[in-house]
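To be precise, the following lines are target-v6.csv, and they hold CSV, C-alpha atoms and all ligand atoms.
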chain,number,residue,atom,x,y,z
G,223,MET,CA,49.7,-19.8,-39.5
G,224,THR,CA,46.7,-17.5,-39.4
G,225,PRO,CA,47.1,-14.7,-36.8
G,226,HIS,CA,45.4,-15.3,-33.5
G,227,LYS,CA,41.9,-13.8,-32.9
G,228,LYS,CA,42.2,-11.1,-30.3
G,229,VAL,CA,39.7,-11.4,-27.4
G,230,ALA,CA,38.6,-8.7,-25.0
G,231,ILE,CA,37.0,-9.9,-21.8
G,232,LEU,CA,34.6,-7.7,-19.8
G,233,ILE,CA,34.2,-8.3,-16.0
G,234,SER,CA,32.6,-6.8,-13.0
G,235,GLY,CA,34.0,-8.9,-10.1
G,236,GLY,CA,36.4,-11.7,-9.3
G,237,GLY,CA,36.7,-12.8,-12.9
G,238,SER,CA,36.9,-16.5,-12.4
G,239,ASN,CA,35.5,-17.0,-15.9
G,240,MET,CA,38.0,-14.5,-17.3
G,241,VAL,CA,40.8,-16.5,-15.7
G,242,SER,CA,39.5,-19.8,-17.2
G,243,LEU,CA,39.2,-18.2,-20.6
G,244,ALA,CA,42.7,-16.6,-20.4
G,245,LYS,CA,44.3,-19.8,-19.3
G,246,SER,CA,42.7,-21.7,-22.1
G,247,MET,CA,44.1,-19.4,-24.9
G,248,VAL,CA,47.5,-21.0,-25.3
G,249,GLY,CA,49.3,-23.3,-27.7
G,250,ASP,CA,47.3,-24.1,-30.8
G,251,HIS,CA,44.2,-22.2,-29.6
G,252,PRO,CA,43.2,-19.8,-32.4
G,253,ALA,CA,42.8,-16.8,-30.0
G,254,ARG,CA,44.7,-14.8,-27.4
G,255,PRO,CA,43.4,-12.4,-24.7
G,256,CYS,CA,44.1,-8.7,-25.6
G,257,LEU,CA,42.3,-6.9,-22.9
G,258,VAL,CA,40.5,-7.3,-19.6
G,259,LEU,CA,38.1,-4.5,-19.0
G,260,ALA,CA,36.0,-3.8,-15.8
G,261,ASN,CA,33.3,-1.3,-14.8
G,262,SER,CA,35.0,-0.7,-11.5
G,263,VAL,CA,38.6,-0.2,-10.4
G,264,ASP,CA,37.8,-2.6,-7.5
G,265,ALA,CA,37.0,-5.6,-9.8
G,266,GLY,CA,39.2,-8.3,-8.3
G,267,GLY,CA,39.7,-9.8,-11.8
G,268,LEU,CA,41.8,-6.8,-12.9
G,269,VAL,CA,44.7,-7.8,-10.5
G,270,LYS,CA,44.4,-11.4,-11.7
G,271,ALA,CA,44.6,-10.3,-15.3
G,272,ALA,CA,47.6,-8.0,-14.7
G,273,ASP,CA,49.3,-10.9,-12.9
G,274,MET,CA,48.8,-13.0,-16.1
G,275,GLY,CA,50.4,-10.2,-18.2
G,276,ILE,CA,47.1,-9.2,-19.8
G,277,GLU,CA,46.4,-5.5,-20.7
G,278,THR,CA,43.7,-4.1,-18.3
G,279,ALA,CA,41.4,-1.1,-18.1
G,280,TYR,CA,38.4,0.0,-16.2
G,281,VAL,CA,35.6,2.5,-16.8
G,282,ASP,CA,33.7,3.2,-13.6
G,283,HIS,CA,30.0,3.3,-14.5
G,284,ARG,CA,29.0,5.3,-11.4
G,285,PRO,CA,29.9,8.8,-12.6
G,286,PHE,CA,27.5,8.4,-15.5
G,287,LYS,CA,24.5,8.0,-13.2
G,288,GLY,CA,22.4,5.8,-15.5
G,289,ASP,CA,23.4,7.6,-18.7
G,290,ARG,CA,24.1,4.3,-20.4
G,291,ALA,CA,25.1,6.0,-23.7
G,292,ALA,CA,27.7,8.2,-22.1
G,293,PHE,CA,29.1,5.2,-20.1
G,294,GLU,CA,29.2,3.0,-23.2
G,295,ALA,CA,30.9,5.8,-25.2
G,296,GLU,CA,33.8,5.5,-22.7
G,297,LEU,CA,33.6,1.7,-22.3
G,298,VAL,CA,34.0,1.1,-26.0
G,299,LYS,CA,37.2,3.1,-26.3
G,300,PRO,CA,39.7,0.5,-24.8
G,301,ILE,CA,37.9,-2.3,-26.6
G,302,LEU,CA,38.4,-0.6,-30.0
G,303,ALA,CA,42.0,0.4,-29.1
G,304,SER,CA,42.8,-3.2,-28.2
G,305,GLY,CA,41.8,-4.3,-31.7
G,306,ALA,CA,39.6,-7.0,-30.3
G,307,ASP,CA,38.0,-9.4,-32.8
G,308,ILE,CA,35.8,-11.0,-30.2
G,309,VAL,CA,34.3,-9.6,-26.9
G,310,CYS,CA,33.5,-12.0,-24.1
G,311,LEU,CA,31.2,-10.9,-21.3
G,312,ALA,CA,32.3,-12.8,-18.2
G,313,GLY,CA,30.5,-11.9,-15.0
G,314,PHE,CA,29.9,-8.4,-16.5
G,315,MET,CA,26.9,-7.1,-14.6
G,316,ARG,CA,25.9,-4.0,-16.6
G,317,VAL,CA,23.1,-4.1,-19.1
G,318,LEU,CA,24.4,-3.0,-22.5
G,319,THR,CA,22.3,-1.0,-25.0
G,320,ALA,CA,21.4,-2.3,-28.5
G,321,ASP,CA,23.7,0.4,-29.9
G,322,PHE,CA,26.7,-0.9,-28.0
G,323,VAL,CA,25.9,-4.5,-28.7
G,324,GLY,CA,25.3,-3.7,-32.4
G,325,GLN,CA,29.0,-2.6,-32.7
G,326,PHE,CA,30.0,-6.2,-32.0
G,327,LYS,CA,27.2,-8.1,-33.8
G,328,GLY,CA,28.1,-11.7,-34.3
G,329,ARG,CA,31.3,-11.4,-32.2
G,330,MET,CA,30.1,-10.8,-28.6
G,331,LEU,CA,29.6,-13.7,-26.2
G,332,ASN,CA,28.1,-14.0,-22.7
G,333,ILE,CA,27.8,-16.7,-20.1
G,334,HIS,CA,24.6,-16.8,-18.1
G,335,PRO,CA,24.1,-19.1,-15.1
G,336,SER,CA,20.9,-20.9,-16.2
G,337,LEU,CA,19.7,-23.2,-18.9
G,338,LEU,CA,18.4,-20.4,-21.1
G,339,PRO,CA,15.7,-19.6,-22.1
G,340,LYS,CA,14.9,-20.5,-18.5
G,341,TYR,CA,15.6,-17.8,-15.9
G,342,THR,CA,16.9,-14.8,-17.7
G,343,GLY,CA,18.1,-12.0,-15.4
G,344,LEU,CA,19.3,-12.4,-11.8
G,345,HIS,CA,19.0,-14.9,-8.9
G,346,THR,CA,18.9,-17.9,-11.3
G,347,HIS,CA,19.9,-20.5,-8.8
G,348,ALA,CA,17.3,-19.6,-6.2
G,349,ARG,CA,14.7,-19.5,-8.9
G,350,ALA,CA,15.6,-23.0,-10.1
G,351,LEU,CA,15.4,-24.2,-6.5
G,352,ASP,CA,12.1,-22.4,-5.9
G,353,ALA,CA,10.7,-24.0,-9.0
G,354,GLY,CA,11.7,-27.5,-7.8
G,355,ASP,CA,13.9,-28.1,-10.9
G,356,HIS,CA,15.9,-31.3,-10.9
G,357,GLU,CA,18.4,-29.9,-13.4
G,358,HIS,CA,20.1,-26.5,-13.7
G,359,GLY,CA,23.2,-25.2,-15.5
G,360,CYS,CA,24.8,-22.5,-17.6
G,361,THR,CA,24.6,-21.2,-21.1
G,362,VAL,CA,27.0,-19.4,-23.5
G,363,HIS,CA,25.2,-17.4,-26.1
G,364,GLU,CA,25.8,-14.7,-28.7
G,365,VAL,CA,24.8,-11.3,-27.3
G,366,THR,CA,21.9,-9.6,-29.1
G,367,PRO,CA,20.0,-6.5,-28.0
G,368,VAL,CA,17.6,-8.7,-26.1
G,369,LEU,CA,19.0,-9.4,-22.6
G,370,ASP,CA,20.2,-13.0,-22.0
G,371,ASP,CA,18.8,-14.0,-25.4
G,372,GLY,CA,20.7,-14.7,-28.7
G,373,PRO,CA,21.9,-17.8,-30.5
G,374,LEU,CA,23.0,-20.6,-28.2
G,375,LEU,CA,26.7,-21.6,-28.4
G,376,GLY,CA,26.9,-23.9,-25.5
G,377,GLN,CA,25.1,-25.3,-22.5
G,378,ALA,CA,26.3,-27.3,-19.4
G,379,ARG,CA,23.8,-29.2,-17.2
G,380,VAL,CA,24.2,-30.1,-13.5
G,381,PRO,CA,21.9,-32.0,-11.2
G,382,VAL,CA,20.0,-30.3,-8.4
G,383,GLU,CA,20.8,-32.3,-5.2
G,384,PRO,CA,18.4,-32.7,-2.3
G,385,GLY,CA,19.1,-30.0,0.3
G,386,ASP,CA,21.0,-27.8,-2.1
G,387,THR,CA,21.1,-24.1,-1.2
G,388,ALA,CA,21.4,-21.4,-3.9
G,389,ASP,CA,25.1,-21.2,-3.0
G,390,ASP,CA,25.6,-25.0,-3.4
G,391,LEU,CA,24.0,-24.8,-6.8
G,392,ALA,CA,26.0,-21.7,-7.8
G,393,ALA,CA,29.2,-23.4,-6.9
G,394,ARG,CA,28.3,-26.6,-8.9
G,395,VAL,CA,27.3,-24.4,-11.9
G,396,LEU,CA,30.5,-22.3,-11.7
G,397,VAL,CA,32.7,-25.4,-12.1
G,398,GLN,CA,30.9,-26.1,-15.4
G,399,GLU,CA,31.1,-22.5,-16.5
G,400,HIS,CA,34.9,-22.7,-16.3
G,401,LYS,CA,34.7,-25.7,-18.6
G,402,LEU,CA,32.0,-24.6,-21.0
G,403,TYR,CA,33.1,-21.0,-21.8
G,404,PRO,CA,36.7,-22.0,-22.8
G,405,ALA,CA,35.3,-24.8,-25.0
G,406,VAL,CA,32.8,-22.5,-26.7
G,407,LEU,CA,35.4,-19.8,-27.2
G,408,ARG,CA,37.9,-22.2,-28.8
G,409,ARG,CA,35.2,-23.4,-31.3
G,410,PHE,CA,33.9,-19.9,-31.9
G,411,ALA,CA,37.4,-18.4,-32.6
G,412,ALA,CA,37.9,-21.2,-35.1
G,413,GLY,CA,34.7,-20.1,-36.9
G,414,ASP,CA,32.7,-23.1,-35.6
G,415,LYS,CA,29.3,-22.2,-34.1
G,416,THR,CA,28.3,-25.9,-33.4
G,417,PRO,CA,26.9,-25.7,-29.8
G,418,VAL,CA,29.0,-27.3,-27.0
G,419,LEU,CA,26.8,-29.5,-24.9
G,420,LEU,CA,28.1,-30.7,-21.5
G,421,PRO,CA,28.3,-33.3,-20.1
G,422,SER,CA,29.3,-34.6,-23.5
B,501,LIG,C1,29.1,-16.3,-12.5
B,501,LIG,O1,28.1,-17.1,-11.9
B,501,LIG,C2,28.6,-16.0,-13.9
B,501,LIG,O2,27.7,-17.0,-14.4
B,501,LIG,C3,27.9,-14.7,-13.8
B,501,LIG,O3,28.7,-14.0,-12.8
B,501,LIG,C4,29.2,-14.9,-11.9
B,501,LIG,C5,30.6,-14.6,-11.4
B,501,LIG,O4,31.5,-14.7,-12.5
B,501,LIG,N1,27.7,-14.0,-15.0
B,501,LIG,P1,33.1,-14.5,-12.4
B,501,LIG,O5,33.6,-15.3,-11.3
B,501,LIG,O6,33.3,-13.0,-12.1
B,501,LIG,O7,33.6,-14.9,-13.7
I need this file expressed as structure tokens, please.
Amino acid sequence: MTPHKKVAILISGGGSNMVSLAKSMVGDHPARPCLVLANSVDAGGLVKAADMGIETAYVDHRPFKGDRAAFEAELVKPILASGADIVCLAGFMRVLTADFVGQFKGRMLNIHPSLLPKYTGLHTHARALDAGDHEHGCTVHEVTPVLDDGPLLGQARVPVEPGDTADDLAARVLVQEHKLYPAVLRRFAAGDKTPVLLPS
């Protein structure tokens, strides 16, 4: 039995994607969560992770006042201490520098709430509605120094319904995020980078 891959999950808020990932890493899954790390002590996901028995930590970004390198020099410490093989960004809302990302080249994943390469950045649901798109969704990709770029590891599509608000669409996409990210992580941890495409 090969030892489990260790997965560190970075969050900024409620951590619903973190919960889905953590819950999926059981049984014959090749990975196990080793750390949940937030950029604020107030991140709701920290309590959820602790309740699941997962090691938690936080590094508040605010004292660093935009000095990304200094923030990241602290942020990386618990990740390295945890021995993480894979780092999953899950609702992590800080932009990471090329230097930080470079330390985890080929083993850092992110989920983004759009059908990349469409709508990198923020407010993706409103932008899809404003564009009159009939389809929207989410993407899991390998993290590279270019924001919301990197090799595609999975994508889930949802229909845009008449009268949808951005919140309606976000909720529909989030359901798919909670399916897509665990499916991608299971493959990725087994060394399989074949993209997961949903609905299958
Ligand atoms: C999700 O929409 C995710 O796509 C984005 O952050 C939002 C909240 O994620 N990156 P979570 O509930 O904190 O996992």
By how many Å are atom CA of G:Ala350 and atom CA of G:Val323 apart?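 Atom-to-atom, atom CA of G:Ala350 to atom CA of G:Val323, that is 28.2 Å.
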Environment of ligand LIG 501 (chain B) within 9 Å, counting only C-alpha atoms and all ligand atoms, reported as an MDAnalysis selection string: chainID G and resid 233:242 265:267 311:315 332:336 360:361 392:393 395:396 399:400
Using Å and a single decimal, report how far atom CA of G:Pro300 sits from atom CA of G:Phe410.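 Computed distance, atom CA of G:Phe410 to atom CA of G:Pro300, equals 22.4 Å.
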Atomic distance atom CA of G:Gly275 - atom CA of G:Arg254, expressed in Å with one decimal: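 Result for atom CA of G:Gly275 versus atom CA of G:Arg254: 11.8 Å, one decimal.
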From the set G:Met330, G:Ile308, G:Val406, G:Val298, which residue has the shortest atom-to-atom contact distance to G:Gly372, counting all atoms listed in the file?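 So, comparing all the options, the nearest one is G:Met330.
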